[in-house]
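Novice: Could you have a look at this structure, given as structure tokens, before my questions?
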Amino acid sequence: MTRRTITRIGAVAIAAALVSLPLGAQQRSIEPTKFTRAPMIQAPPAGEVEVLPVRGNVYAIFGAGGNIVVSVGNDGVLIVDAGRAEMSDKVLAAVQRLQREWAVRNEPRPIGFGAETRSSVAERHITAPPKPIRYVINTSADPDHVGGNEKLRNAGHTFTGGNVAGNIADATEGAAILAHENVLSRMARGTNSAQAEGQPAVPADALPTDAYFVDFYKLSHYFNGEGIELFHMPKAHTDGDSIVHFRSTDVIALGDLMSTGSYPVIDVAKGGTINGVLDGLNRVLDMSIAEFRLEGGTLMVPGHGRLVDSADVAYYRDMLTIVRDRVEDLIKKGRTLDQVKAANPSGDYDTEYGSTTGPWTTANFIEAVYRTLGGGEVRLKPDTTRRPDTTRKAPAPVKRP
Ligand SMILES: [Zn+2]
């Protein structure tokens with residue numbers, strides 16, 4: 001699963017090779033090699049999405065912006081994050097394919113009774129129509145996570161509960177959209193004043209229909225055979241982040257708490273902090289159970305990048321803790337932001353996570369860590385805007401005899 005396992009297997013292979021080599025050859029074979037970036041699993045080509053079965057009836061869709069997690073089954077479809085707006089047709093097609101495949105796999109079998117009591121419907125392979133999208137969950141208000149909200153919602157359906165047959169709501173009402181209330185208020189501000197906080201204008205149908213404001217939210221009933229819970233991660237990537245736990249399949253959608261190919265995006269303007277990210281990752285590690293040592297077991301889908309397990313999350317947490325501690329130490333020594341950047345506190349991790357180009361560079365990350373640890377706080381300086389008081393007369397010089 002992880003690179004560590006691969007390294008371990010590699011080490012065994014090298015050791016085995018060394019044993020079989022003559023002494024001179026051994027010395028030649030362990031010459032230091034150049035440090036290169038570890039091979040990554042290839043992302044789908046631009047403009048395409050890729051579906052990966054995670055476990056049971058839970059799937060991940062990559063390539064639509066933020067990663068998407070989908071639960072398909074008897075109760076319909078639940079989607080965590082909606083991807084970018086321009087990818088929503090592809091996402092919808094992928095979701096519908098998953099639904100159809102699920103329906104075919106779970107086609108009712110002909111019952112082996114006599115001809116008079118047997119229904120011919122099942123034998124004609126008439127599968128039930130695909131179940132609608134019932135829920136869309138947003139882990140944050142980022143455009144690459146909420147962009148597909150409107151299309152996915154309108155392709156879906158909300159059923160009223162209780163003893164009402166069918167749904168009595170407006171026939172055009174689509175799927176429910178769930179998110180933390182800070183996501184709702186941020187997106188709602190986007191509907192009033194476009195570009196508020198850099199948030200693009202949001203159509204009303206894309207807004208969350210149900211928001212929670214306490215530390216967790218759970219679906220009131222089993223959905224596709226399991227409980228599904230949202231946990232608020234305060235002040236992490238933003239102030240409105242949720243992670244989503246599928247309790248039976250034991251899959252957690254992490255949102256932008258983690259990204260396997262880069263440092264976490266800490267959106268300081270929207271309430272993100274480095275310590276909030278670390279608290280969130282520690283919470284995830286508390287919730288997850290490995291299959292053996294730190295490998296396997298609970299599977300997690302980060303907001304960007306590949307599928308991970310506890311070992312990957314622990315490694316990422318450790319890396320961030322080390323960088324955080326280094327920056328904190330430099331702040332205590334009174335270093336300015338430029339001095340901290342020059343000290344290169346993340347240098348040994350930049351090969352794997354760093355970037356000098358794009359929307360989230362290493363310098364952006366270090367600045368976010370520095371600022372949210374209180375670095376560069378304005379210190380009281382003499383007020384240069386005040387003018388000297390010219391109305392007062394200078395005291396007369398003291399005459400000395
Ligand atoms: Zn994202």
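Chain labels run A, B, ... following the order of the structure tokens; each chain numbers its residues from 1, and ligands are numbered from 1 in the order shown.
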Extract, using only C-alpha atoms, all DNA, RNA and protein residues at most 9 Å from range 221-231 of chain A, discarding same-chain residues fewer than 2 positions from it, and format them as a list of chain:residue names.
Specialist: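 Here the answer would be A:Asn57, A:Ser71, A:Val72, A:Gly73, A:Asn74, A:Asp75, A:Gly76, A:Val77, A:Leu78, A:Ile137, A:Thr139, A:Ala179, A:His180, A:Val214, A:Asp215, A:Phe216, A:Tyr217, A:Lys218, A:Leu219, A:Met233, A:Asp241, A:Ser242, A:Ile243, A:Val244, A:His245, A:Phe246, A:Arg247, A:Ser248, A:Thr249.
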Novice: Please produce a file of those selected residues containing N, CA and C atoms, as a PDB file, in the first residue's frame.
Specialist:
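The resulting again-v6.pdb:
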ATOM      1  N   ASN A  57     -19.403  -0.944  -1.467  1.00  0.00           N
ATOM      2  CA  ASN A  57     -20.117  -0.121  -2.450  1.00  0.00           C
ATOM      3  C   ASN A  57     -19.649   1.327  -2.434  1.00  0.00           C
ATOM      4  N   SER A  71     -21.076   6.563  -2.694  1.00  0.00           N
ATOM      5  CA  SER A  71     -21.682   5.343  -2.179  1.00  0.00           C
ATOM      6  C   SER A  71     -22.886   5.035  -3.056  1.00  0.00           C
ATOM      7  N   VAL A  72     -22.897   3.845  -3.680  1.00  0.00           N
ATOM      8  CA  VAL A  72     -24.062   3.440  -4.488  1.00  0.00           C
ATOM      9  C   VAL A  72     -24.711   2.233  -3.830  1.00  0.00           C
ATOM     10  N   GLY A  73     -26.021   2.097  -4.009  1.00  0.00           N
ATOM     11  CA  GLY A  73     -26.693   0.945  -3.426  1.00  0.00           C
ATOM     12  C   GLY A  73     -28.194   1.086  -3.430  1.00  0.00           C
ATOM     13  N   ASN A  74     -28.822   0.236  -2.595  1.00  0.00           N
ATOM     14  CA  ASN A  74     -30.277   0.154  -2.522  1.00  0.00           C
ATOM     15  C   ASN A  74     -30.968   1.479  -2.264  1.00  0.00           C
ATOM     16  N   ASP A  75     -30.329   2.330  -1.469  1.00  0.00           N
ATOM     17  CA  ASP A  75     -30.976   3.579  -1.074  1.00  0.00           C
ATOM     18  C   ASP A  75     -30.718   4.707  -2.059  1.00  0.00           C
ATOM     19  N   GLY A  76     -29.872   4.478  -3.035  1.00  0.00           N
ATOM     20  CA  GLY A  76     -29.542   5.531  -3.983  1.00  0.00           C
ATOM     21  C   GLY A  76     -28.070   5.874  -3.904  1.00  0.00           C
ATOM     22  N   VAL A  77     -27.763   7.129  -4.206  1.00  0.00           N
ATOM     23  CA  VAL A  77     -26.366   7.547  -4.308  1.00  0.00           C
ATOM     24  C   VAL A  77     -26.089   8.682  -3.328  1.00  0.00           C
ATOM     25  N   LEU A  78     -24.959   8.582  -2.650  1.00  0.00           N
ATOM     26  CA  LEU A  78     -24.466   9.685  -1.820  1.00  0.00           C
ATOM     27  C   LEU A  78     -23.085  10.031  -2.353  1.00  0.00           C
ATOM     28  N   ILE A 137     -22.427  15.861  -0.346  1.00  0.00           N
ATOM     29  CA  ILE A 137     -21.788  16.463   0.834  1.00  0.00           C
ATOM     30  C   ILE A 137     -20.613  17.307   0.353  1.00  0.00           C
ATOM     31  N   THR A 139     -17.093  19.040   1.464  1.00  0.00           N
ATOM     32  CA  THR A 139     -16.104  19.078   2.545  1.00  0.00           C
ATOM     33  C   THR A 139     -15.561  20.488   2.756  1.00  0.00           C
ATOM     34  N   ALA A 179     -23.439  20.340   4.355  1.00  0.00           N
ATOM     35  CA  ALA A 179     -22.124  20.949   4.599  1.00  0.00           C
ATOM     36  C   ALA A 179     -22.133  21.622   5.956  1.00  0.00           C
ATOM     37  N   HIS A 180     -20.944  21.990   6.433  1.00  0.00           N
ATOM     38  CA  HIS A 180     -20.864  22.796   7.646  1.00  0.00           C
ATOM     39  C   HIS A 180     -21.428  24.190   7.343  1.00  0.00           C
ATOM     40  N   VAL A 214     -22.656  22.210  14.881  1.00  0.00           N
ATOM     41  CA  VAL A 214     -21.975  21.602  16.030  1.00  0.00           C
ATOM     42  C   VAL A 214     -20.774  20.820  15.507  1.00  0.00           C
ATOM     43  N   ASP A 215     -20.175  19.961  16.324  1.00  0.00           N
ATOM     44  CA  ASP A 215     -18.933  19.352  15.829  1.00  0.00           C
ATOM     45  C   ASP A 215     -19.149  18.119  14.958  1.00  0.00           C
ATOM     46  N   PHE A 216     -20.383  17.614  14.871  1.00  0.00           N
ATOM     47  CA  PHE A 216     -20.599  16.526  13.925  1.00  0.00           C
ATOM     48  C   PHE A 216     -22.047  16.488  13.466  1.00  0.00           C
ATOM     49  N   TYR A 217     -22.279  15.732  12.423  1.00  0.00           N
ATOM     50  CA  TYR A 217     -23.620  15.585  11.847  1.00  0.00           C
ATOM     51  C   TYR A 217     -23.701  14.158  11.352  1.00  0.00           C
ATOM     52  N   LYS A 218     -24.833  13.488  11.589  1.00  0.00           N
ATOM     53  CA  LYS A 218     -24.942  12.138  11.051  1.00  0.00           C
ATOM     54  C   LYS A 218     -26.255  11.973  10.306  1.00  0.00           C
ATOM     55  N   LEU A 219     -26.234  11.137   9.270  1.00  0.00           N
ATOM     56  CA  LEU A 219     -27.491  10.821   8.610  1.00  0.00           C
ATOM     57  C   LEU A 219     -28.346  10.081   9.620  1.00  0.00           C
ATOM     58  N   MET A 233     -13.863  19.806  11.108  1.00  0.00           N
ATOM     59  CA  MET A 233     -12.444  19.963  11.435  1.00  0.00           C
ATOM     60  C   MET A 233     -12.187  21.461  11.571  1.00  0.00           C
ATOM     61  N   ASP A 241     -14.404  22.970   7.171  1.00  0.00           N
ATOM     62  CA  ASP A 241     -14.074  21.647   6.628  1.00  0.00           C
ATOM     63  C   ASP A 241     -14.822  20.524   7.344  1.00  0.00           C
ATOM     64  N   SER A 242     -15.262  19.544   6.541  1.00  0.00           N
ATOM     65  CA  SER A 242     -15.830  18.317   7.112  1.00  0.00           C
ATOM     66  C   SER A 242     -15.026  17.135   6.593  1.00  0.00           C
ATOM     67  N   ILE A 243     -14.919  16.083   7.414  1.00  0.00           N
ATOM     68  CA  ILE A 243     -14.508  14.785   6.892  1.00  0.00           C
ATOM     69  C   ILE A 243     -15.738  13.887   6.992  1.00  0.00           C
ATOM     70  N   VAL A 244     -15.801  12.859   6.155  1.00  0.00           N
ATOM     71  CA  VAL A 244     -16.994  12.013   6.107  1.00  0.00           C
ATOM     72  C   VAL A 244     -16.587  10.564   6.340  1.00  0.00           C
ATOM     73  N   HIS A 245     -17.188   9.958   7.364  1.00  0.00           N
ATOM     74  CA  HIS A 245     -16.838   8.584   7.734  1.00  0.00           C
ATOM     75  C   HIS A 245     -17.951   7.630   7.326  1.00  0.00           C
ATOM     76  N   PHE A 246     -17.603   6.653   6.500  1.00  0.00           N
ATOM     77  CA  PHE A 246     -18.520   5.563   6.154  1.00  0.00           C
ATOM     78  C   PHE A 246     -18.213   4.447   7.146  1.00  0.00           C
ATOM     79  N   ARG A 247     -19.123   4.228   8.081  1.00  0.00           N
ATOM     80  CA  ARG A 247     -18.755   3.451   9.266  1.00  0.00           C
ATOM     81  C   ARG A 247     -18.567   1.970   9.020  1.00  0.00           C
ATOM     82  N   SER A 248     -19.336   1.363   8.106  1.00  0.00           N
ATOM     83  CA  SER A 248     -19.177  -0.084   7.900  1.00  0.00           C
ATOM     84  C   SER A 248     -18.100  -0.401   6.884  1.00  0.00           C
ATOM     85  N   THR A 249     -18.088   0.316   5.769  1.00  0.00           N
ATOM     86  CA  THR A 249     -17.023   0.066   4.804  1.00  0.00           C
ATOM     87  C   THR A 249     -15.701   0.612   5.332  1.00  0.00           C
TER      88      THR A 249
END
Novice: Out of range 185-377 of chain A, which residues get strand (DSSP E) from DSSP, as a PyMOL selection string?
Specialist: chain A and resi 210-212+216-218+228-233+241-246+251-259+299-304
Novice: Write out as a PyMOL selection string each polymer residue (protein, DNA or RNA) that has an atom no more than 6 Å from ligand 1, with only C-alpha atoms and all ligand atoms counted.
Specialist: chain A and resi 66+144+256+303
Novice: If you count only C-alpha atoms, which residues fall within 10 Å of Gly354 in chain A, apart from same-chain ones fewer than 3 positions away, as a list in words?
Specialist: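 Neighbouring residues, sequence-local ones excluded: Gly261, Ser262, Tyr263, Ser346, Gly347, Asp348, Tyr349, Asp350, Thr351, Thr357, Trp360, Thr361, Thr362, Ala363 and Phe365 of chain A.
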Novice: Could you pull the residues within 9 Å of Ala368 in chain A, counting only C-alpha atoms, minus those fewer than 2 positions along the same chain, as a ChimeraX atom specification?
Specialist: /A:265-268,272-274,363-366,370-373
Novice: Between A:Arg105, A:Gly148, A:Asn67, A:Arg134, which is the closest to Ala85 in chain A once you count only C-alpha atoms?
Specialist: A:Gly148
